$ cat coords_2.cif   # mmCIF, C-alpha atoms
data_start
loop_
_atom_site.label_atom_id
_atom_site.label_comp_id
_atom_site.auth_asym_id
_atom_site.auth_seq_id
_atom_site.Cartn_x
_atom_site.Cartn_y
_atom_site.Cartn_z
CA MET A 1 5.14 3.33 -21.04
CA ASN A 2 2.96 2.84 -17.97
CA GLU A 3 2.86 -0.66 -16.60
CA GLU A 4 0.32 -1.91 -14.06
CA LYS A 5 2.03 -3.90 -11.31
CA GLU A 6 0.58 -6.10 -8.60
CA VAL A 7 0.72 -4.41 -5.19
CA TYR A 8 2.85 -6.34 -2.67
CA PHE A 9 0.74 -5.83 0.45
CA ASP A 10 2.65 -8.55 2.32
CA GLN A 11 5.91 -6.62 1.96
CA TYR A 12 4.71 -3.06 2.51
CA CYS A 13 1.85 -3.16 5.04
CA LYS A 14 4.08 -4.34 7.91
CA SER A 15 6.26 -1.22 7.59
CA CYS A 16 3.44 1.25 6.89
CA LYS A 17 2.59 3.89 9.49
CA TYR A 18 -1.07 2.82 9.16
CA HIS A 19 -0.32 -0.81 10.06
CA GLY A 20 -2.65 -1.94 12.83
CA LEU A 21 -5.70 -0.05 11.64
CA GLU A 22 -8.77 -2.07 10.77
CA GLU A 23 -8.75 -3.07 7.11
CA SER A 24 -12.20 -1.53 6.70
CA LYS A 25 -10.97 1.93 7.79
CA ASP A 26 -9.37 4.56 5.57
CA PRO A 27 -6.62 4.74 4.39
CA CYS A 28 -6.24 0.93 4.53
CA ASN A 29 -9.59 0.34 2.86
CA ASP A 30 -8.56 2.55 -0.07
CA CYS A 31 -5.27 0.69 -0.51
CA LEU A 32 -6.87 -2.74 -0.40
CA ALA A 33 -9.39 -1.65 -3.02
CA GLU A 34 -6.52 -1.08 -5.49
CA PRO A 35 -4.66 -4.39 -6.04
CA SER A 36 -2.47 -2.88 -8.77
CA ASN A 37 -0.54 0.34 -9.16
CA THR A 38 1.03 2.10 -12.13
CA ASN A 39 4.80 1.48 -12.28
CA SER A 40 5.04 0.48 -8.60
CA HIS A 41 4.47 -2.45 -6.26
CA LYS A 42 3.75 -0.08 -3.32
CA PRO A 43 0.18 0.40 -2.07
CA MET A 44 -1.27 3.77 -3.04
CA ASN A 45 -1.43 5.21 0.53
CA TYR A 46 1.77 3.62 1.81
CA GLU A 47 3.82 5.79 4.19
CA SER A 48 6.84 4.36 5.93
CA LYS A 49 6.82 4.23 9.74
CA ASN A 50 10.39 5.55 9.61
CA ASN A 51 9.38 8.80 7.91
CA SER A 52 7.19 9.96 10.80
#
$ encode --input "coords_2.cif" --output "structure tokens"
Amino acid sequence: MNEEKEVYFDQYCKSCKYHGLEESKDPCNDCLAEPSNTNSHKPMNYESKNNS
């Protein structure tokens, strides 16, 4: 069963490789437009800084 979960921007954005971009720019704008995600609390475009 799919469950919509609230995205935890406060936990994930700080460690995202896109952190520091303007919120109005892609991919941040796309993430912020989706406050929930299916089966996950991660933002939809989240990519860890450590996986660069």
$ atom_distance --input "coords_2.cif" --atom1 "atom CA of Cys31 of chain A" --atom2 "atom CA of Lys49 of chain A"
16.2 Å
$ resolve_selection --input "coords_2.cif" --expression "the PyMOL selection byres ((chain A and resi 17) around 7)" --output "PyMOL selection string"
chain A and resi 15-16+18-19+47-49
$ write_last_selection --input "coords_2.cif" --atoms "C-alpha atoms" --output "CSV table (one decimal), in the coordinates of the input"
chain,number,residue,atom,x,y,z
A,15,SER,CA,6.3,-1.2,7.6
A,16,CYS,CA,3.4,1.2,6.9
A,18,TYR,CA,-1.1,2.8,9.2
A,19,HIS,CA,-0.3,-0.8,10.1
A,47,GLU,CA,3.8,5.8,4.2
A,48,SER,CA,6.8,4.4,5.9
A,49,LYS,CA,6.8,4.2,9.7
$ atom_distance --input "coords_2.cif" --atom1 "atom CA of Ser24 of chain A" --atom2 "atom CA of His41 of chain A"
21.1 Å
$ closest_residue --input "coords_2.cif" --among "A:Glu4, A:Met44, A:Asn50, A:Asp10" --to "Cys28 of chain A" --atoms "only C-alpha atoms"
A:Met44
$ atom_distance --input "coords_2.cif" --atom1 "atom CA of Glu34 of chain A" --atom2 "atom CA of Glu6 of chain A"
9.2 Å
$ residues_around --input "coords_2.cif" --residues "Ala33 of chain A" --least-positions-apart "6" --cutoff "12 Å" --atoms "all atoms listed in the file" --output "JSON, numbers by chain"
{"A": [7, 9, 23, 24, 25, 26, 27, 43, 44, 45]}
$ axis_aligned_box --input "coords_2.cif" --around "segment 13-31 of chain A" --padding-each-side "8 Å" --output "AutoDock Vina command-line options"
--center_x -3.0 --center_y 0.2 --center_z 6.2 --size_x 34.5 --size_y 25.1 --size_z 29.3
$ closest_residue --input "coords_2.cif" --among "A:Asp30, A:Pro35, A:Lys42, A:Asn51" --to "Gln11 of chain A" --atoms "only C-alpha atoms"
A:Lys42
$ resolve_selection --input "coords_2.cif" --expression "the PyMOL selection byres ((chain A and resi 38) around 8)" --output "compact mmCIF listing (two decimals) with C-alpha atoms, keeping the file's coordinate frame"
# COMPACT_ATOMS: atom_id res chain seq x y z
CA ASN A 2 2.96 2.84 -17.97
CA GLU A 3 2.86 -0.66 -16.60
CA GLU A 4 0.32 -1.91 -14.06
CA LYS A 5 2.03 -3.90 -11.31
CA SER A 36 -2.47 -2.88 -8.77
CA ASN A 37 -0.54 0.34 -9.16
CA ASN A 39 4.80 1.48 -12.28
CA SER A 40 5.04 0.48 -8.60
